Amino acid sequence: MSGHDHGDDGVSRRKVLECMTWAGTGVLWTITGGVPRSLGIIDPAQAATAAAPGMTFLQISDSHVGFDKPANPNALGTLEEAVGKINAMPAKPSFMIHTGDITHLSKAAEFDNAERIISQTKLDVHYVPGEHDFIDEEVKLYRERYGRDTKGHGWYSFDAGGVHFVGLVNVVDLKAGGLGNLGAEQLTWLEDDLRGKSKSTPIVLFAHIPLWTVYPQWGWGTEDGAHALEYVKGFGSVTVLNGHIHQVMQKVEGNVTFHTARSTAFPQPAPGAAPSPGPIKVEDAKLRAMLGVASINFKQNEQRLAIIDTPLQG
Amino acid sequence: MKTLNRRDFGVEFGLALAAAILLPATKARADDIEIHIDNFVFQPAELKIKVGTTVTWTNRDDIPNTIVSAGKFRSKTLDTDDKFSFTFTNAGDYKYFCSLHPHMTGMIKVE
């Protein structure tokens, strides 16, 4: 479901079906999960209200351009399908964020192919890197393309539609045995960045690896993520958007909503549901139901942003 | 979903570990020890070798991995089936990990 349908034709049959699919997805991983989460799943009624005006932006993640293994031999093709889906949305989103792993192996051709496809949305795209975007020998290809006007390894903030957005980098300088890492320099910058902001300003933090601990056994969390969350504690509305785990997961803690997006390339197992977090091979017919994008709608005076996950198919 | 269950995985891992412990004693030459990366795990995760031994890591995952021992050695990013070799010329304990997936750790004790 796009969440962008407007007009007074009510909820179409197709949309209801799509909502049901989505709700089913939520239920599915409530069962297969095993960690605290999913308290704040958006229900179809809430999804329907997202059709009302407000600012809408999109999240796309983990496109892994260059990936060609059995789990999805054509990751560029499914990215293209995701872009087609975005372009077909009845209301044009304000902009897009990409939460990392644009490429699979940080090759120049992979970055170029990703850009060629993603630019077809004709949207401004705000990127943060995933660990797969920093593995070229000189670690320069991502920065040359997306690092301009950023600090440190690529963090930055901007304002749009009354919301303060902060893009964070938690894939650099990872420590043996540990999780994602923001580092002292970035945390100091974040504290400064948020200082003086009105507590009623809605905050969106986005980064590749989840800032909350999803499943440390697979490295799904950020070592010093709690420090970042400390700085946003006083704000009335905080939304944390991540990728990396290639599946939708959500939880709400006080004023903070945590959400992870699907990949456009390949699915990964629910925490602990397989021996490793590696790509899972599903039947071809089921792949596109496990890939997708998220759209996020913000309305003034509503504390929580409405997040709607749209699979490529189903 | 193509997965092994925990029990199978445990057995396989146990066998790999047993093989690894037996391996140095049964090899005539001590210079070709192999470590595989399967399911985001170094197998065997711990190894005792003699000075002068060459260890070769092979990434058998569908996801790239690296082998990094702080200040000692660092592989390039290994795509599927890529290999990295290092010859241990000094005794000591070498802890290493994957810099992309730091929960993956291993240890090589060189005597």
# chains A, B, ... in the order shown; residues from 1 in each chain; ligands from 1
>>> closest_atom_pairs(of="chain A", to="chain B", cutoff="10 Å", atoms="only C-alpha atoms", output="CSV")
residue,atom,partner,partner_atom,distance
A:Phe67,CA,B:Ile63,CA,8.8
A:Asp68,CA,B:Asp62,CA,9.2
A:Lys69,CA,B:Asp62,CA,6.6
A:Pro70,CA,B:Asp62,CA,8.7
A:Ala71,CA,B:Asp62,CA,8.9
A:His104,CA,B:Pro64,CA,8.3
A:Leu105,CA,B:Pro64,CA,7.6
A:Gly130,CA,B:Leu100,CA,9.7
A:Glu131,CA,B:Leu100,CA,6.1
A:His132,CA,B:Leu100,CA,7.9
A:Phe134,CA,B:Leu100,CA,9.4
A:Ile135,CA,B:Thr77,CA,6.6
A:Asp136,CA,B:Thr77,CA,8.2
A:Glu137,CA,B:Lys76,CA,7.6
A:Val171,CA,B:Leu100,CA,7.8
A:Val172,CA,B:Leu100,CA,8.7
A:Asp173,CA,B:Ser99,CA,7.8
A:Leu174,CA,B:Ser99,CA,6.1
A:Lys175,CA,B:Pro102,CA,6.1
A:Ala176,CA,B:Pro102,CA,4.9
A:Gly177,CA,B:His103,CA,4.4
A:Gly178,CA,B:Pro102,CA,5.5
A:Leu179,CA,B:Pro102,CA,6.4
A:Gly180,CA,B:Pro102,CA,8.4
A:Pro216,CA,B:His103,CA,8.0
A:Gln217,CA,B:His103,CA,7.0
A:Trp218,CA,B:His103,CA,6.6
A:Gly219,CA,B:His103,CA,5.6
A:Trp220,CA,B:His103,CA,9.4
A:Pro269,CA,B:Met1,CA,8.7
A:Gly272,CA,B:Arg6,CA,9.4
A:Ala273,CA,B:Thr3,CA,8.7
A:Ala274,CA,B:Thr3,CA,5.8
A:Pro275,CA,B:Asn39,CA,6.5
A:Ser276,CA,B:Asn39,CA,5.0
A:Pro277,CA,B:Asn39,CA,7.6
A:Gly278,CA,B:Asn39,CA,6.7
A:Pro279,CA,B:Asp62,CA,7.1
A:Ile280,CA,B:Met1,CA,6.2
A:Lys281,CA,B:Met1,CA,5.9
A:Val282,CA,B:Met1,CA,5.4
A:Glu283,CA,B:Met1,CA,8.2
>>> closest_residue(among="B:Arg74, B:His36, B:Arg60, B:Lys48", to="B:Asp93", atoms="only C-alpha atoms")
B:Lys48
>>> residues_around(residues="B:Thr58", least_positions_apart="4", cutoff="6 Å", atoms="only C-alpha atoms", output="VMD selection string")
chain B and resid 36 81 to 83
>>> write_last_selection(atoms="N, CA, C and O atoms", output="PDB file, in the first residue's frame")
ATOM      1  N   HIS B  36      37.800 -22.326   7.117  1.00  0.00           N
ATOM      2  CA  HIS B  36      36.675 -21.952   6.263  1.00  0.00           C
ATOM      3  C   HIS B  36      35.768 -20.977   6.985  1.00  0.00           C
ATOM      4  O   HIS B  36      35.618 -21.059   8.196  1.00  0.00           O
ATOM      5  N   ASP B  81      34.200 -17.499  -2.025  1.00  0.00           N
ATOM      6  CA  ASP B  81      35.268 -18.392  -2.492  1.00  0.00           C
ATOM      7  C   ASP B  81      36.641 -17.717  -2.620  1.00  0.00           C
ATOM      8  O   ASP B  81      37.601 -18.367  -3.040  1.00  0.00           O
ATOM      9  N   ASP B  82      36.747 -16.453  -2.252  1.00  0.00           N
ATOM     10  CA  ASP B  82      38.066 -15.808  -2.231  1.00  0.00           C
ATOM     11  C   ASP B  82      38.859 -16.349  -1.040  1.00  0.00           C
ATOM     12  O   ASP B  82      38.290 -16.782  -0.035  1.00  0.00           O
ATOM     13  N   LYS B  83      40.206 -16.305  -1.181  1.00  0.00           N
ATOM     14  CA  LYS B  83      41.089 -16.846  -0.146  1.00  0.00           C
ATOM     15  C   LYS B  83      42.065 -15.786   0.336  1.00  0.00           C
ATOM     16  O   LYS B  83      42.405 -14.860  -0.393  1.00  0.00           O
TER      17      LYS B  83
END
>>> residues_around(residues="stretch 204-210 of chain A", least_positions_apart="3", cutoff="7 Å", atoms="only C-alpha atoms", output="mmCIF file with all heavy atoms, in the first residue's frame")
data_model
loop_
_atom_site.group_PDB
_atom_site.id
_atom_site.type_symbol
_atom_site.label_atom_id
_atom_site.label_comp_id
_atom_site.auth_asym_id
_atom_site.auth_seq_id
_atom_site.Cartn_x
_atom_site.Cartn_y
_atom_site.Cartn_z
ATOM 1 N N THR A 99 19.274 3.984 3.548
ATOM 2 C CA THR A 99 19.983 3.622 4.774
ATOM 3 C C THR A 99 21.081 2.573 4.542
ATOM 4 O O THR A 99 21.288 1.683 5.366
ATOM 5 C CB THR A 99 18.997 3.171 5.881
ATOM 6 O OG1 THR A 99 17.991 2.344 5.310
ATOM 7 C CG2 THR A 99 18.342 4.355 6.537
ATOM 8 N N GLY A 100 21.808 2.718 3.434
ATOM 9 C CA GLY A 100 23.072 2.020 3.301
ATOM 10 C C GLY A 100 23.069 0.637 2.668
ATOM 11 O O GLY A 100 22.029 0.032 2.442
ATOM 12 N N VAL A 128 23.161 7.326 3.887
ATOM 13 C CA VAL A 128 24.187 6.979 4.878
ATOM 14 C C VAL A 128 24.809 5.660 4.406
ATOM 15 O O VAL A 128 24.137 4.865 3.748
ATOM 16 C CB VAL A 128 23.631 6.829 6.318
ATOM 17 C CG1 VAL A 128 23.307 8.187 6.928
ATOM 18 C CG2 VAL A 128 22.428 5.898 6.370
ATOM 19 N N PRO A 129 26.079 5.430 4.723
ATOM 20 C CA PRO A 129 26.736 4.221 4.214
ATOM 21 C C PRO A 129 26.444 2.977 5.050
ATOM 22 O O PRO A 129 26.223 3.063 6.261
ATOM 23 C CB PRO A 129 28.221 4.580 4.328
ATOM 24 C CG PRO A 129 28.288 5.524 5.490
ATOM 25 C CD PRO A 129 26.997 6.310 5.460
ATOM 26 N N GLY A 130 26.450 1.834 4.368
ATOM 27 C CA GLY A 130 26.468 0.551 5.059
ATOM 28 C C GLY A 130 27.892 0.012 4.999
ATOM 29 O O GLY A 130 28.744 0.568 4.290
ATOM 30 N N HIS A 164 13.595 17.527 12.055
ATOM 31 C CA HIS A 164 15.056 17.555 12.016
ATOM 32 C C HIS A 164 15.574 16.137 11.744
ATOM 33 O O HIS A 164 15.307 15.213 12.517
ATOM 34 C CB HIS A 164 15.614 18.081 13.338
ATOM 35 C CG HIS A 164 17.101 18.288 13.308
ATOM 36 N ND1 HIS A 164 17.709 19.201 12.459
ATOM 37 C CD2 HIS A 164 18.105 17.703 14.006
ATOM 38 C CE1 HIS A 164 19.023 19.160 12.651
ATOM 39 N NE2 HIS A 164 19.295 18.246 13.581
ATOM 40 N N PHE A 165 16.289 15.987 10.647
ATOM 41 C CA PHE A 165 16.820 14.678 10.233
ATOM 42 C C PHE A 165 18.315 14.604 10.529
ATOM 43 O O PHE A 165 19.053 15.554 10.241
ATOM 44 C CB PHE A 165 16.626 14.477 8.728
ATOM 45 C CG PHE A 165 15.194 14.268 8.327
ATOM 46 C CD1 PHE A 165 14.341 15.357 8.144
ATOM 47 C CD2 PHE A 165 14.688 12.988 8.141
ATOM 48 C CE1 PHE A 165 13.015 15.167 7.775
ATOM 49 C CE2 PHE A 165 13.363 12.789 7.765
ATOM 50 C CZ PHE A 165 12.528 13.881 7.582
ATOM 51 N N VAL A 166 18.743 13.472 11.071
ATOM 52 C CA VAL A 166 20.170 13.273 11.339
ATOM 53 C C VAL A 166 20.600 11.941 10.726
ATOM 54 O O VAL A 166 20.065 10.880 11.088
ATOM 55 C CB VAL A 166 20.467 13.255 12.860
ATOM 56 C CG1 VAL A 166 21.976 13.177 13.089
ATOM 57 C CG2 VAL A 166 19.886 14.478 13.562
ATOM 58 N N GLY A 167 21.546 11.995 9.796
ATOM 59 C CA GLY A 167 22.103 10.790 9.190
ATOM 60 C C GLY A 167 23.384 10.406 9.920
ATOM 61 O O GLY A 167 24.303 11.216 10.018
ATOM 62 N N LEU A 168 23.432 9.202 10.459
ATOM 63 C CA LEU A 168 24.578 8.765 11.267
ATOM 64 C C LEU A 168 25.308 7.608 10.589
ATOM 65 O O LEU A 168 24.723 6.849 9.810
ATOM 66 C CB LEU A 168 24.101 8.329 12.657
ATOM 67 C CG LEU A 168 23.440 9.419 13.521
ATOM 68 C CD1 LEU A 168 22.835 8.810 14.779
ATOM 69 C CD2 LEU A 168 24.448 10.516 13.871
ATOM 70 N N VAL A 169 26.582 7.457 10.916
ATOM 71 C CA VAL A 169 27.415 6.390 10.339
ATOM 72 C C VAL A 169 27.842 5.453 11.475
ATOM 73 O O VAL A 169 28.535 5.879 12.395
ATOM 74 C CB VAL A 169 28.668 6.983 9.658
ATOM 75 C CG1 VAL A 169 29.532 5.864 9.059
ATOM 76 C CG2 VAL A 169 28.272 7.996 8.591
ATOM 77 N N ASN A 170 27.402 4.203 11.410
ATOM 78 C CA ASN A 170 27.782 3.264 12.481
ATOM 79 C C ASN A 170 28.422 1.985 11.930
ATOM 80 O O ASN A 170 28.301 0.912 12.499
ATOM 81 C CB ASN A 170 26.584 2.933 13.393
ATOM 82 C CG ASN A 170 25.398 2.353 12.629
ATOM 83 O OD1 ASN A 170 25.444 2.211 11.410
ATOM 84 N ND2 ASN A 170 24.337 2.017 13.346
ATOM 85 N N GLY A 180 27.735 -2.533 15.804
ATOM 86 C CA GLY A 180 27.934 -1.274 15.102
ATOM 87 C C GLY A 180 28.528 -0.239 16.042
ATOM 88 O O GLY A 180 28.462 -0.386 17.261
ATOM 89 N N THR A 213 19.408 -2.642 20.118
ATOM 90 C CA THR A 213 19.937 -4.000 20.062
ATOM 91 C C THR A 213 18.840 -4.962 19.625
ATOM 92 O O THR A 213 17.916 -5.256 20.379
ATOM 93 C CB THR A 213 20.501 -4.414 21.431
ATOM 94 O OG1 THR A 213 21.475 -3.439 21.801
ATOM 95 C CG2 THR A 213 21.155 -5.780 21.365
ATOM 96 N N TRP A 220 23.543 -7.467 15.338
ATOM 97 C CA TRP A 220 22.464 -6.562 14.968
ATOM 98 C C TRP A 220 22.174 -5.584 16.102
ATOM 99 O O TRP A 220 21.222 -5.768 16.871
ATOM 100 C CB TRP A 220 21.204 -7.354 14.592
ATOM 101 C CG TRP A 220 21.343 -8.069 13.285
ATOM 102 C CD1 TRP A 220 22.419 -8.065 12.454
ATOM 103 C CD2 TRP A 220 20.367 -8.911 12.654
ATOM 104 N NE1 TRP A 220 22.173 -8.840 11.348
ATOM 105 C CE2 TRP A 220 20.923 -9.374 11.446
ATOM 106 C CE3 TRP A 220 19.069 -9.317 12.997
ATOM 107 C CZ2 TRP A 220 20.229 -10.218 10.574
ATOM 108 C CZ3 TRP A 220 18.385 -10.153 12.140
ATOM 109 C CH2 TRP A 220 18.956 -10.597 10.931
ATOM 110 N N GLY A 221 22.998 -4.573 16.165
ATOM 111 C CA GLY A 221 22.826 -3.537 17.176
ATOM 112 C C GLY A 221 24.003 -2.591 17.075
ATOM 113 O O GLY A 221 24.909 -2.791 16.261
ATOM 114 N N THR A 222 23.995 -1.531 17.884
ATOM 115 C CA THR A 222 25.082 -0.551 17.870
ATOM 116 C C THR A 222 25.617 -0.393 19.285
ATOM 117 O O THR A 222 24.862 -0.067 20.206
ATOM 118 C CB THR A 222 24.572 0.802 17.328
ATOM 119 O OG1 THR A 222 24.086 0.601 15.999
ATOM 120 C CG2 THR A 222 25.688 1.834 17.296
ATOM 121 N N VAL A 238 10.474 11.062 18.419
ATOM 122 C CA VAL A 238 11.746 10.585 17.864
ATOM 123 C C VAL A 238 11.486 9.315 17.046
ATOM 124 O O VAL A 238 10.812 8.391 17.517
ATOM 125 C CB VAL A 238 12.771 10.275 18.983
ATOM 126 C CG1 VAL A 238 14.084 9.769 18.377
ATOM 127 C CG2 VAL A 238 13.018 11.498 19.854
ATOM 128 N N THR A 239 11.999 9.301 15.837
ATOM 129 C CA THR A 239 11.852 8.122 14.980
ATOM 130 C C THR A 239 13.246 7.673 14.545
ATOM 131 O O THR A 239 14.040 8.490 14.089
ATOM 132 C CB THR A 239 11.012 8.459 13.730
ATOM 133 O OG1 THR A 239 9.789 9.060 14.162
ATOM 134 C CG2 THR A 239 10.703 7.203 12.921
ATOM 135 N N VAL A 240 13.539 6.404 14.723
ATOM 136 C CA VAL A 240 14.851 5.857 14.379
ATOM 137 C C VAL A 240 14.662 4.882 13.221
ATOM 138 O O VAL A 240 13.943 3.886 13.361
ATOM 139 C CB VAL A 240 15.495 5.146 15.589
ATOM 140 C CG1 VAL A 240 16.841 4.544 15.200
ATOM 141 C CG2 VAL A 240 15.659 6.120 16.762
ATOM 142 N N LEU A 241 15.265 5.204 12.078
ATOM 143 C CA LEU A 241 15.087 4.369 10.877
ATOM 144 C C LEU A 241 16.404 3.697 10.508
ATOM 145 O O LEU A 241 17.430 4.359 10.364
ATOM 146 C CB LEU A 241 14.611 5.250 9.711
ATOM 147 C CG LEU A 241 13.294 6.000 9.947
ATOM 148 C CD1 LEU A 241 12.990 6.912 8.767
ATOM 149 C CD2 LEU A 241 12.145 5.025 10.185
ATOM 150 N N ASN A 242 16.375 2.388 10.366
ATOM 151 C CA ASN A 242 17.577 1.636 10.041
ATOM 152 C C ASN A 242 17.310 0.618 8.951
ATOM 153 O O ASN A 242 16.162 0.373 8.581
ATOM 154 C CB ASN A 242 18.100 0.903 11.290
ATOM 155 C CG ASN A 242 18.429 1.837 12.442
ATOM 156 O OD1 ASN A 242 17.823 1.784 13.505
ATOM 157 N ND2 ASN A 242 19.385 2.720 12.230
ATOM 158 N N GLY A 243 18.407 0.005 8.475
ATOM 159 C CA GLY A 243 18.330 -1.077 7.496
ATOM 160 C C GLY A 243 19.116 -2.254 8.037
ATOM 161 O O GLY A 243 18.949 -2.634 9.185
ATOM 162 N N HIS A 244 19.979 -2.828 7.208
ATOM 163 C CA HIS A 244 20.965 -3.840 7.594
ATOM 164 C C HIS A 244 20.395 -5.238 7.811
ATOM 165 O O HIS A 244 21.036 -6.215 7.482
ATOM 166 C CB HIS A 244 21.714 -3.390 8.858
ATOM 167 C CG HIS A 244 22.873 -4.258 9.245
ATOM 168 N ND1 HIS A 244 23.947 -4.474 8.419
ATOM 169 C CD2 HIS A 244 23.125 -4.966 10.385
ATOM 170 C CE1 HIS A 244 24.821 -5.262 9.031
ATOM 171 N NE2 HIS A 244 24.350 -5.586 10.211
#
